[in-house]
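upload-v4.txt, holding compact mmCIF, C-alpha atoms and all ligand atoms:
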# COMPACT_ATOMS: atom_id res chain seq x y z
CA MET A 121 -12.39 -5.10 18.58
CA GLN A 122 -15.51 -4.09 16.75
CA ASN A 123 -18.87 -4.18 18.46
CA GLN A 124 -21.00 -7.09 17.31
CA SER A 125 -24.23 -5.10 17.52
CA CYS A 126 -22.91 -2.74 14.82
CA PHE A 127 -22.95 -5.70 12.39
CA ASP A 128 -26.24 -7.41 13.26
CA THR A 129 -28.61 -6.60 10.43
CA ILE A 130 -30.52 -8.18 7.57
CA ILE A 131 -29.02 -7.76 4.09
CA GLY A 132 -30.88 -9.12 1.07
CA GLY A 133 -33.13 -11.16 3.38
CA LYS A 134 -30.18 -12.85 5.15
CA GLN A 135 -28.82 -12.33 8.62
CA ASN A 136 -25.49 -10.52 8.80
CA SER A 137 -23.35 -11.00 11.92
CA LEU A 138 -19.85 -10.47 13.20
CA TYR A 139 -17.99 -13.64 14.24
CA THR A 140 -14.97 -13.61 16.55
CA LEU A 141 -12.24 -16.27 16.69
CA ARG A 142 -9.73 -16.03 19.56
CA ASN A 143 -6.66 -17.79 20.86
CA ALA A 144 -4.42 -16.90 23.81
CA GLU A 145 -2.93 -13.85 22.05
CA MET A 146 -4.95 -13.06 18.93
CA ALA A 147 -8.50 -12.24 17.84
CA VAL A 148 -9.97 -12.23 14.34
CA GLN A 149 -13.37 -10.81 13.43
CA ILE A 150 -15.17 -11.80 10.24
CA THR A 151 -18.51 -10.71 8.86
CA ASN A 152 -20.52 -12.88 6.49
CA TYR A 153 -21.27 -9.92 4.18
CA GLY A 154 -18.55 -10.68 1.62
CA GLY A 155 -16.54 -12.76 4.11
CA ARG A 156 -14.70 -9.64 5.23
CA ILE A 157 -11.92 -9.75 7.80
CA VAL A 158 -13.05 -6.82 9.93
CA SER A 159 -10.24 -6.90 12.48
CA LEU A 160 -7.11 -8.96 13.07
CA ILE A 161 -5.58 -8.22 16.44
CA VAL A 162 -2.05 -9.37 17.29
CA PRO A 163 0.36 -8.42 20.08
CA ASP A 164 3.27 -6.13 19.24
CA ARG A 165 6.73 -6.29 20.83
CA ASN A 166 5.37 -4.84 24.10
CA GLY A 167 2.31 -7.06 24.10
CA THR A 168 0.04 -4.20 22.99
CA PRO A 169 -2.95 -5.51 20.99
CA THR A 170 -2.61 -4.14 17.45
CA ASP A 171 -5.28 -4.34 14.75
CA VAL A 172 -3.30 -4.95 11.57
CA VAL A 173 -6.09 -4.70 8.96
CA TRP A 174 -8.13 -1.83 7.60
CA GLY A 175 -11.82 -1.72 8.04
CA PHE A 176 -14.82 0.07 9.44
CA GLU A 177 -16.64 0.14 12.74
CA SER A 178 -20.08 -0.82 11.45
CA ILE A 179 -21.75 -2.69 8.62
CA ARG A 180 -23.34 0.63 7.63
CA ASP A 181 -19.87 2.03 6.91
CA TYR A 182 -18.92 -1.07 4.87
CA LEU A 183 -22.06 -0.69 2.77
CA LYS A 184 -21.37 2.97 1.95
CA ALA A 185 -17.56 2.71 1.49
CA GLU A 186 -16.10 3.89 -1.79
CA ASP A 187 -13.47 1.12 -1.74
CA VAL A 188 -15.53 -2.05 -1.67
CA TYR A 189 -12.41 -4.22 -1.32
CA ALA A 190 -11.67 -3.49 2.35
CA GLY A 191 -11.09 -7.05 3.57
CA PRO A 192 -13.48 -9.25 1.55
CA LEU A 193 -13.36 -12.47 -0.43
CA VAL A 194 -13.09 -11.64 -4.12
CA GLY A 195 -14.21 -13.94 -6.93
CA ARG A 196 -15.15 -15.91 -8.81
CA TYR A 197 -11.89 -14.56 -10.31
CA GLY A 198 -9.53 -12.45 -8.19
CA ASN A 199 -7.81 -9.67 -10.19
CA ARG A 200 -8.44 -8.88 -13.87
CA ILE A 201 -9.75 -10.62 -16.97
CA ALA A 202 -9.04 -8.53 -20.08
CA GLN A 203 -12.21 -6.88 -21.36
CA GLY A 204 -14.09 -9.50 -19.35
CA ARG A 205 -13.72 -11.93 -22.25
CA PHE A 206 -12.52 -15.49 -22.56
CA SER A 207 -13.24 -18.57 -24.66
CA LEU A 208 -13.78 -22.03 -23.30
CA ASP A 209 -14.67 -25.19 -25.26
CA ASN A 210 -15.44 -23.11 -28.38
CA HIS A 211 -17.82 -20.74 -26.56
CA SER A 212 -17.06 -17.05 -25.97
CA TYR A 213 -18.06 -15.57 -22.66
CA GLN A 214 -18.56 -11.92 -21.69
CA LEU A 215 -18.21 -11.06 -18.01
CA SER A 216 -19.34 -7.83 -16.35
CA ILE A 217 -16.96 -4.88 -16.78
CA ASN A 218 -16.16 -2.92 -13.62
CA ASN A 219 -12.58 -1.63 -13.90
CA GLY A 220 -11.91 0.54 -16.94
CA PRO A 221 -12.27 -1.86 -19.88
CA ASN A 222 -11.73 -4.94 -17.69
CA HIS A 223 -13.38 -7.35 -15.26
CA LEU A 224 -11.93 -7.08 -11.73
CA HIS A 225 -12.34 -9.26 -8.62
CA GLY A 226 -15.43 -11.12 -9.89
CA GLY A 227 -17.31 -8.13 -11.26
CA THR A 228 -19.89 -5.56 -10.23
CA ASP A 229 -21.63 -8.02 -7.91
CA GLY A 230 -18.84 -10.44 -7.03
CA PHE A 231 -18.22 -12.57 -3.93
CA TRP A 232 -17.35 -9.40 -1.99
CA ASN A 233 -20.99 -8.26 -2.27
CA LYS A 234 -22.68 -11.56 -1.39
CA MET A 235 -24.27 -12.75 1.81
CA TRP A 236 -22.49 -15.97 2.81
CA ASP A 237 -24.03 -18.67 5.02
CA ALA A 238 -21.98 -19.01 8.20
CA GLN A 239 -21.19 -21.97 10.40
CA TYR A 240 -19.10 -21.43 13.52
CA SER A 241 -17.18 -24.43 14.87
CA PRO A 242 -15.96 -23.85 18.47
CA GLU A 243 -14.07 -27.18 18.56
CA ASN A 244 -11.94 -26.17 15.54
CA ASN A 245 -11.89 -22.44 16.42
CA SER A 246 -13.10 -21.87 12.87
CA LEU A 247 -15.81 -20.24 10.81
CA THR A 248 -16.99 -21.72 7.50
CA LEU A 249 -18.70 -19.48 4.98
CA SER A 250 -20.58 -20.95 2.02
CA TYR A 251 -21.96 -19.40 -1.14
CA PHE A 252 -23.75 -20.86 -4.15
CA SER A 253 -23.01 -18.91 -7.35
CA PRO A 254 -25.59 -19.76 -10.02
CA ASP A 255 -24.82 -20.47 -13.68
CA GLY A 256 -24.45 -17.18 -15.55
CA GLU A 257 -23.67 -15.03 -12.51
CA GLU A 258 -21.57 -12.04 -13.68
CA GLY A 259 -21.32 -13.91 -17.01
CA TYR A 260 -19.51 -17.03 -15.71
CA PRO A 261 -20.66 -20.51 -16.75
CA GLY A 262 -21.63 -23.23 -14.29
CA ASN A 263 -23.26 -23.52 -10.90
CA VAL A 264 -20.40 -23.15 -8.40
CA MET A 265 -20.53 -24.00 -4.70
CA THR A 266 -17.78 -22.40 -2.60
CA HIS A 267 -16.84 -23.06 1.04
CA VAL A 268 -14.24 -20.91 2.82
CA THR A 269 -13.02 -21.89 6.29
CA TYR A 270 -11.15 -19.40 8.51
CA THR A 271 -9.28 -21.15 11.35
CA LEU A 272 -7.35 -19.40 14.10
CA LYS A 273 -4.58 -21.75 15.22
CA LYS A 274 -2.74 -21.87 18.56
CA ASP A 275 0.53 -20.76 16.93
CA ASN A 276 -0.95 -17.36 15.93
CA ALA A 277 -1.70 -18.47 12.38
CA LEU A 278 -4.91 -17.54 10.61
CA GLN A 279 -5.45 -20.25 8.00
CA ILE A 280 -8.00 -19.82 5.21
CA ASP A 281 -9.01 -22.89 3.19
CA TYR A 282 -11.15 -22.67 0.06
CA THR A 283 -12.90 -25.56 -1.65
CA ALA A 284 -15.29 -25.40 -4.60
CA THR A 285 -17.08 -27.57 -7.14
CA THR A 286 -18.84 -26.79 -10.42
CA ASP A 287 -21.20 -28.49 -12.87
CA GLN A 288 -19.61 -26.88 -15.98
CA PRO A 289 -16.02 -25.90 -16.79
CA THR A 290 -15.40 -22.33 -15.58
CA PRO A 291 -12.48 -20.04 -14.71
CA TYR A 292 -12.17 -19.95 -10.93
CA ASN A 293 -9.58 -18.07 -8.86
CA PRO A 294 -10.90 -16.57 -5.63
CA THR A 295 -8.76 -14.81 -3.03
CA ILE A 296 -9.13 -12.54 -0.03
CA HIS A 297 -8.33 -8.85 0.03
CA PRO A 298 -7.39 -7.58 3.49
CA TYR A 299 -5.46 -4.32 3.52
CA PHE A 300 -2.66 -4.81 6.04
CA ASN A 301 -0.98 -2.07 8.03
CA LEU A 302 1.25 -3.54 10.73
CA HIS A 303 1.38 -0.19 12.55
CA GLY A 304 -2.23 -0.80 13.53
CA THR A 305 -3.33 2.57 12.21
CA THR A 306 -3.84 4.04 8.76
CA THR A 307 -2.32 7.30 10.00
CA GLN A 308 1.11 5.70 9.48
CA SER A 309 2.41 4.60 6.10
CA ILE A 310 3.13 1.04 5.03
CA ASN A 311 6.24 2.40 3.31
CA SER A 312 8.23 1.67 6.50
CA HIS A 313 7.35 -2.06 6.37
CA TYR A 314 9.93 -4.53 5.08
CA LEU A 315 8.79 -7.09 2.54
CA GLN A 316 10.50 -10.28 1.44
CA VAL A 317 8.97 -12.40 -1.34
CA ASN A 318 10.15 -15.80 -2.56
CA ALA A 319 9.75 -14.88 -6.21
CA SER A 320 12.42 -14.65 -8.91
CA HIS A 321 9.90 -13.69 -11.60
CA PHE A 322 6.79 -11.59 -12.15
CA THR A 323 4.19 -11.05 -14.87
CA PRO A 324 4.55 -7.52 -16.37
CA THR A 325 1.37 -5.76 -17.48
CA ASP A 326 0.11 -3.13 -19.92
CA SER A 327 -1.24 0.28 -18.85
CA VAL A 328 -4.58 -1.18 -17.68
CA LEU A 329 -2.82 -3.88 -15.63
CA ILE A 330 -3.42 -6.78 -18.00
CA PRO A 331 -0.45 -9.18 -18.18
CA THR A 332 1.49 -9.04 -21.44
CA GLY A 333 1.90 -12.82 -21.11
CA GLU A 334 5.63 -12.60 -20.37
CA ILE A 335 7.17 -14.03 -17.21
CA ILE A 336 10.32 -12.04 -16.53
CA PRO A 337 13.03 -11.96 -13.84
CA VAL A 338 12.70 -9.53 -10.92
CA GLU A 339 16.46 -9.11 -10.97
CA GLY A 340 17.47 -5.49 -11.56
CA THR A 341 13.89 -4.17 -11.07
CA PRO A 342 12.14 -2.61 -8.03
CA ALA A 343 10.17 -5.87 -7.88
CA ASP A 344 13.20 -7.72 -6.52
CA PHE A 345 12.17 -8.57 -2.96
CA ARG A 346 14.12 -11.83 -2.80
CA THR A 347 15.97 -10.20 0.08
CA PRO A 348 13.98 -7.90 2.39
CA HIS A 349 13.46 -4.30 1.23
CA GLN A 350 11.56 -1.45 2.78
CA ILE A 351 8.45 -0.90 0.64
CA GLY A 352 9.04 2.86 0.37
CA GLU A 353 12.67 2.41 -0.68
CA ARG A 354 11.85 2.31 -4.40
CA THR A 355 8.60 4.29 -4.49
CA SER A 356 7.88 7.98 -3.95
CA GLU A 357 5.10 9.62 -1.94
CA ASP A 358 3.47 11.09 -5.07
CA GLY A 359 3.22 7.67 -6.71
CA ASN A 360 5.42 8.85 -9.58
CA ASP A 361 7.97 6.17 -9.06
CA MET A 362 10.03 3.49 -10.65
CA MET A 363 7.31 0.86 -10.91
CA LYS A 364 5.97 1.98 -14.28
CA PHE A 365 3.81 -1.12 -14.67
CA GLY A 366 1.71 -0.41 -11.58
CA GLY A 367 0.59 3.19 -12.09
CA GLY A 368 0.50 4.35 -8.46
CA GLY A 369 3.36 2.15 -7.28
CA TYR A 370 3.42 -1.60 -6.77
CA ASP A 371 0.50 -3.50 -8.28
CA ILE A 372 2.23 -6.61 -9.40
CA ASN A 373 1.79 -10.38 -9.63
CA PHE A 374 4.78 -12.32 -8.33
CA VAL A 375 5.42 -15.79 -9.76
CA LEU A 376 6.32 -17.67 -6.60
CA ASP A 377 9.45 -19.86 -6.62
CA LYS A 378 7.90 -23.26 -6.07
CA THR A 379 7.14 -26.51 -7.71
CA GLY A 380 3.84 -28.30 -7.28
CA GLU A 381 0.94 -27.35 -5.10
CA THR A 382 2.33 -27.86 -1.62
CA LEU A 383 2.02 -25.23 1.08
CA SER A 384 5.21 -23.17 1.20
CA GLN A 385 6.51 -19.84 2.42
CA ALA A 386 5.61 -17.07 -0.05
CA ALA A 387 6.44 -13.81 1.75
CA THR A 388 7.19 -12.03 5.01
CA LEU A 389 6.04 -8.56 5.98
CA TYR A 390 7.71 -6.84 8.95
CA GLU A 391 7.44 -3.52 10.76
CA PRO A 392 10.63 -2.65 12.69
CA SER A 393 9.11 -0.03 15.01
CA ASN A 394 6.77 -2.46 16.81
CA GLY A 395 8.38 -5.80 15.83
CA ILE A 396 5.24 -7.28 14.23
CA ALA A 397 5.99 -9.78 11.47
CA MET A 398 3.65 -11.80 9.25
CA ASP A 399 4.60 -14.84 7.19
CA ILE A 400 2.37 -15.81 4.28
CA LEU A 401 2.30 -19.45 3.21
CA THR A 402 0.28 -20.77 0.30
CA ASP A 403 -0.22 -23.56 -2.21
CA GLN A 404 -1.03 -21.04 -4.97
CA PRO A 405 1.42 -20.12 -7.80
CA GLY A 406 1.07 -16.32 -7.54
CA LEU A 407 1.04 -13.45 -5.07
CA GLN A 408 -0.45 -10.07 -5.99
CA PHE A 409 1.18 -7.16 -4.15
CA TYR A 410 -0.73 -3.87 -4.21
CA ASN A 411 0.67 -1.03 -2.11
CA GLY A 412 -2.54 1.02 -2.06
CA GLY A 413 -1.12 3.62 -4.44
CA CYS A 414 -4.53 4.52 -5.90
CA ILE A 415 -6.44 4.89 -2.62
CA ASN A 416 -7.78 8.42 -2.54
CA GLY A 417 -8.48 9.12 1.13
CA THR A 418 -12.27 9.45 0.96
CA ASP A 419 -13.16 6.49 3.19
CA VAL A 420 -13.13 7.11 6.94
CA GLY A 421 -12.14 3.91 8.73
CA LYS A 422 -11.79 2.73 12.32
CA ARG A 423 -11.28 5.48 14.92
CA GLY A 424 -12.07 8.05 12.23
CA ASP A 425 -8.75 7.48 10.45
CA LEU A 426 -8.72 8.05 6.69
CA HIS A 427 -7.85 5.29 4.22
CA ARG A 428 -5.17 7.05 2.21
CA ARG A 429 -2.49 6.26 -0.37
CA TYR A 430 0.08 3.89 1.16
CA SER A 431 -1.94 3.46 4.37
CA GLY A 432 -2.64 -0.21 3.65
CA LEU A 433 -1.33 -2.93 1.34
CA ALA A 434 -2.78 -6.10 -0.11
CA LEU A 435 -0.89 -9.40 -0.51
CA GLU A 436 -3.20 -11.82 -2.29
CA THR A 437 -2.41 -15.48 -2.93
CA GLN A 438 -3.89 -16.55 -6.24
CA HIS A 439 -3.32 -17.70 -9.81
CA PHE A 440 -2.00 -15.15 -12.29
CA PRO A 441 -4.29 -12.35 -13.53
CA ASP A 442 -6.06 -12.95 -16.87
CA SER A 443 -4.96 -16.61 -16.98
CA PRO A 444 -7.95 -17.69 -19.14
CA ASN A 445 -6.39 -15.61 -21.97
CA HIS A 446 -2.79 -16.83 -21.49
CA PRO A 447 -2.30 -20.52 -22.30
CA ASN A 448 1.29 -20.32 -20.98
CA PHE A 449 0.01 -19.48 -17.45
CA PRO A 450 -1.11 -22.29 -15.08
CA SER A 451 -4.73 -23.18 -15.81
CA THR A 452 -7.55 -21.69 -13.73
CA ILE A 453 -10.31 -23.80 -15.27
CA LEU A 454 -12.31 -25.76 -12.69
CA LYS A 455 -14.06 -28.78 -14.19
CA PRO A 456 -17.04 -30.89 -13.08
CA GLY A 457 -15.89 -33.77 -10.88
CA GLU A 458 -12.87 -31.81 -9.57
CA THR A 459 -12.59 -30.07 -6.22
CA TYR A 460 -10.78 -26.73 -6.15
CA HIS A 461 -8.39 -26.26 -3.19
CA HIS A 462 -6.61 -23.12 -2.03
CA THR A 463 -4.92 -22.57 1.32
CA VAL A 464 -3.34 -19.42 2.68
CA VAL A 465 -1.78 -19.02 6.13
CA PHE A 466 -1.06 -15.63 7.70
CA ARG A 467 1.24 -16.34 10.67
CA PHE A 468 2.11 -13.59 13.16
CA TYR A 469 5.02 -13.18 15.58
CA VAL A 470 7.37 -10.50 16.87
CA THR A 471 11.01 -10.31 15.95
CA ASP A 472 13.91 -7.85 15.96
CA THR A 473 14.88 -8.33 12.34
CA ILE A 474 13.32 -9.89 9.29
CA SER A 475 16.64 -11.27 8.07
CA GLN A 476 16.79 -13.68 11.03
CA GLN A 477 13.88 -15.51 9.48
CA HIS A 478 15.41 -16.24 6.09
C1 LIG B 501 -5.50 -5.04 -7.56
C2 LIG B 501 -5.52 -3.54 -7.76
C3 LIG B 501 -6.86 -3.00 -7.39
C4 LIG B 501 -7.17 -3.38 -5.98
C5 LIG B 501 -8.54 -2.93 -5.57
C6 LIG B 501 -5.83 -5.32 -6.13
O1 LIG B 501 -5.91 -6.70 -5.96
O2 LIG B 501 -4.27 -5.60 -7.88
O3 LIG B 501 -5.22 -3.24 -9.10
O4 LIG B 501 -6.89 -1.60 -7.52
O5 LIG B 501 -7.09 -4.76 -5.82
O6 LIG B 501 -8.63 -2.86 -4.23
Can you give me the file's structure in the form of structure tokens?
Amino acid sequence: MQNQSCFDTIIGGKQNSLYTLRNAEMAVQITNYGGRIVSLIVPDRNGTPTDVVWGFESIRDYLKAEDVYAGPLVGRYGNRIAQGRFSLDNHSYQLSINNGPNHLHGGTDGFWNKMWDAQYSPENNSLTLSYFSPDGEEGYPGNVMTHVTYTLKKDNALQIDYTATTDQPTPYNPTIHPYFNLHGTTTQSINSHYLQVNASHFTPTDSVLIPTGEIIPVEGTPADFRTPHQIGERTSEDGNDMMKFGGGGYDINFVLDKTGETLSQAATLYEPSNGIAMDILTDQPGLQFYNGGCINGTDVGKRGDLHRRYSGLALETQHFPDSPNHPNFPSTILKPGETYHHTVVFRFYVTDTISQQH
């Protein structure tokens, strides 16, 4: 658990705090600077409390970190928009560019860098964060109001619900970017984790990770996780591996096998050595899997452990990257009068084998 006093400070004139949600077995800590999940503590097979997300011990460390995506909400648009450009209703828009030639995770001053208003609800064991993004922010049209509620349920599920409204049509696709390591320490690699994903297809990309627009089968590729595979099975420690489309390993958008927008099982992550398993359920059409292949080991995290290549992975429920430029992808345009909804559930348990679950 992180110490609350290490997070109490004023940022941009607003109070920053650390909020803790608990149930009988779990604890989740969230800070309103960027809505970051700071710690997520679950019991392992022996009942030992294990913090399964990356992070830092103080807000000072978050503010100076090289990797700004350690645990936060990202948006307005999670992942990339090619060259930060899109057209909508005969207008061309230019977003901020912050990742090579592209716009990534909402831009140079995205949701991850904002102070969110916080409301803690003891009766629901939840925390609601709210942020008003003004028209033109990072180049996006429309005034957008976002509410994100984190609820810790009795069955060891952390549920995150997003809602949003706008006064002009705008691309909108937020997500959250915890780096998971089920070992509970970044000194051990995520390559030993097993992953199973309910996806028969993925969206291949070019060399700067922009989708080509194709939706192709995972069959016969290292992206085939329809049955559980160890993450390191088809990658190599130097990142020079079979996943050519991801650069440093897996950085890939899965097209989830589902119809409609109901909540359904997307993936399971499992670490055999301590028995910790996590199911991910969502109503979103895509799941981005990034195995931390480009993390360079400069950030010093909790307990002084380095954030290194393959020491944390992201599994982000969302729409497909660069959707505003691909009419064949599900639409990400939020319109006035509509309410955006997105739910993700991270459910934890211990088990002896992942295959029992599926
Ligand atoms: C993206 C990666 C990116 C990372 C930043 C992931 O969501 O897919 O390409 O490097 O976020 O932390």
Who sits within 6 Å of range 157-171 of chain A, all atoms listed in the file, same chain under 4 positions skipped, as a list in words =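 Those residues are Met146, Ala147, Val148, Gln149, Ile150, Gly175, Gly191, Gly304, Asn394, Gly395, Ile396 and Val470 of chain A.
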Could you please give me, as an MDAnalysis selection string, the residues of protein, DNA or RNA lying at most 12 Å from (-20.4, -20.5, 13.8) in the coordinate frame of the file, considering all atoms listed in the file?
-> chainID A and resid 137:141 149:152 237:250 269:271
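Among A:Gly198, A:Pro405, A:Gly256, A:Pro450, the residue with the shortest atom-to-atom distance to ligand LIG 501 (chain B), counting only C-alpha atoms and all ligand atoms, is A:Gly198.
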Within 6 Å of ligand LIG 501 (chain B), which residues show up when you count all atoms listed in the file? List them as a list in words, please.
-> Tyr189, Asn199, Asp371 and Tyr410 of chain A
Restricting the output to C-alpha atoms, write the selected residues as a CSV table (one decimal), keeping the file's coordinate frame.
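Now in result-v4.csv:
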chain,number,residue,atom,x,y,z
A,189,TYR,CA,-12.4,-4.2,-1.3
A,199,ASN,CA,-7.8,-9.7,-10.2
A,371,ASP,CA,0.5,-3.5,-8.3
A,410,TYR,CA,-0.7,-3.9,-4.2
Of the listed residues A:Ile351, A:Val338, A:Ile330, A:Val465, that which approaches Glu391 in chain A most closely, counting only C-alpha atoms | A:Ile351
Would you mind listing what lies within 9 Å of range 433-441 of chain A as an mmCIF file with C-alpha atoms, keeping the file's coordinate frame, with only C-alpha atoms counted and same-chain residues fewer than 6 positions away left out?
data_model
loop_
_atom_site.group_PDB
_atom_site.id
_atom_site.type_symbol
_atom_site.label_atom_id
_atom_site.label_comp_id
_atom_site.auth_asym_id
_atom_site.auth_seq_id
_atom_site.Cartn_x
_atom_site.Cartn_y
_atom_site.Cartn_z
ATOM 1 C CA TYR A 197 -11.890 -14.560 -10.310
ATOM 2 C CA GLY A 198 -9.530 -12.450 -8.190
ATOM 3 C CA ASN A 199 -7.810 -9.670 -10.190
ATOM 4 C CA ARG A 200 -8.440 -8.880 -13.870
ATOM 5 C CA ILE A 201 -9.750 -10.620 -16.970
ATOM 6 C CA ALA A 202 -9.040 -8.530 -20.080
ATOM 7 C CA ASN A 293 -9.580 -18.070 -8.860
ATOM 8 C CA PRO A 294 -10.900 -16.570 -5.630
ATOM 9 C CA THR A 295 -8.760 -14.810 -3.030
ATOM 10 C CA ILE A 296 -9.130 -12.540 -0.030
ATOM 11 C CA HIS A 297 -8.330 -8.850 0.030
ATOM 12 C CA PRO A 298 -7.390 -7.580 3.490
ATOM 13 C CA TYR A 299 -5.460 -4.320 3.520
ATOM 14 C CA PHE A 300 -2.660 -4.810 6.040
ATOM 15 C CA ASN A 301 -0.980 -2.070 8.030
ATOM 16 C CA ILE A 310 3.130 1.040 5.030
ATOM 17 C CA THR A 323 4.190 -11.050 -14.870
ATOM 18 C CA LEU A 329 -2.820 -3.880 -15.630
ATOM 19 C CA ILE A 330 -3.420 -6.780 -18.000
ATOM 20 C CA PRO A 331 -0.450 -9.180 -18.180
ATOM 21 C CA ASN A 373 1.790 -10.380 -9.630
ATOM 22 C CA PHE A 374 4.780 -12.320 -8.330
ATOM 23 C CA VAL A 375 5.420 -15.790 -9.760
ATOM 24 C CA ALA A 386 5.610 -17.070 -0.050
ATOM 25 C CA ALA A 387 6.440 -13.810 1.750
ATOM 26 C CA ILE A 400 2.370 -15.810 4.280
ATOM 27 C CA LEU A 401 2.300 -19.450 3.210
ATOM 28 C CA THR A 402 0.280 -20.770 0.300
ATOM 29 C CA ASP A 403 -0.220 -23.560 -2.210
ATOM 30 C CA GLN A 404 -1.030 -21.040 -4.970
ATOM 31 C CA PRO A 405 1.420 -20.120 -7.800
ATOM 32 C CA GLY A 406 1.070 -16.320 -7.540
ATOM 33 C CA LEU A 407 1.040 -13.450 -5.070
ATOM 34 C CA GLN A 408 -0.450 -10.070 -5.990
ATOM 35 C CA PHE A 409 1.180 -7.160 -4.150
ATOM 36 C CA TYR A 410 -0.730 -3.870 -4.210
ATOM 37 C CA ASN A 411 0.670 -1.030 -2.110
ATOM 38 C CA GLY A 412 -2.540 1.020 -2.060
ATOM 39 C CA GLY A 413 -1.120 3.620 -4.440
ATOM 40 C CA PHE A 449 0.010 -19.480 -17.450
ATOM 41 C CA PRO A 450 -1.110 -22.290 -15.080
ATOM 42 C CA SER A 451 -4.730 -23.180 -15.810
ATOM 43 C CA THR A 452 -7.550 -21.690 -13.730
ATOM 44 C CA HIS A 462 -6.610 -23.120 -2.030
ATOM 45 C CA THR A 463 -4.920 -22.570 1.320
ATOM 46 C CA VAL A 464 -3.340 -19.420 2.680
#
For Thr306 in chain A, which residue among A:Ser431, A:Thr473, A:Ser178, A:Asn445 is the nearest when counting only C-alpha atoms?
->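 For Thr306 in chain A, the nearest of the given residues is A:Ser431.
Pairwise distance (CA of Tyr260 in chain A, CA of Gly220 in chain A) equals 19.2 Å.
Proximity of A:Phe466, A:Phe176, A:Phe206, A:Tyr213 to His427 in chain A, computed with only C-alpha atoms, is greatest for A:Phe176.
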Atom-to-atom span, CA of Asp255 in chain A and CA of Gln135 in chain A, Å |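 CA of Asp255 in chain A sits 24.1 Å away from CA of Gln135 in chain A.
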Can you tell me, as JSON, numbers by chain, which residues sit within 6 Å of (-11.9, -19.3, -15.3) in the file's frame, using all atoms listed in the file?
-> {"A": [290, 291, 292, 444, 452, 453]}
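Nearest residue to Ile217 in chain A, choosing from A:Glu186, A:His321, A:Arg423, A:Glu258 and counting all atoms listed in the file: A:Glu258.
The interatomic distance for the pair CA of His446 in chain A and CA of Pro192 in chain A works out to 26.5 Å.
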Among listed residues A:Thr388, A:Thr332, A:Thr129, A:Thr307, nearest Arg428 in chain A (using only C-alpha atoms) |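 Closest to Arg428 in chain A of all the choices is A:Thr307.
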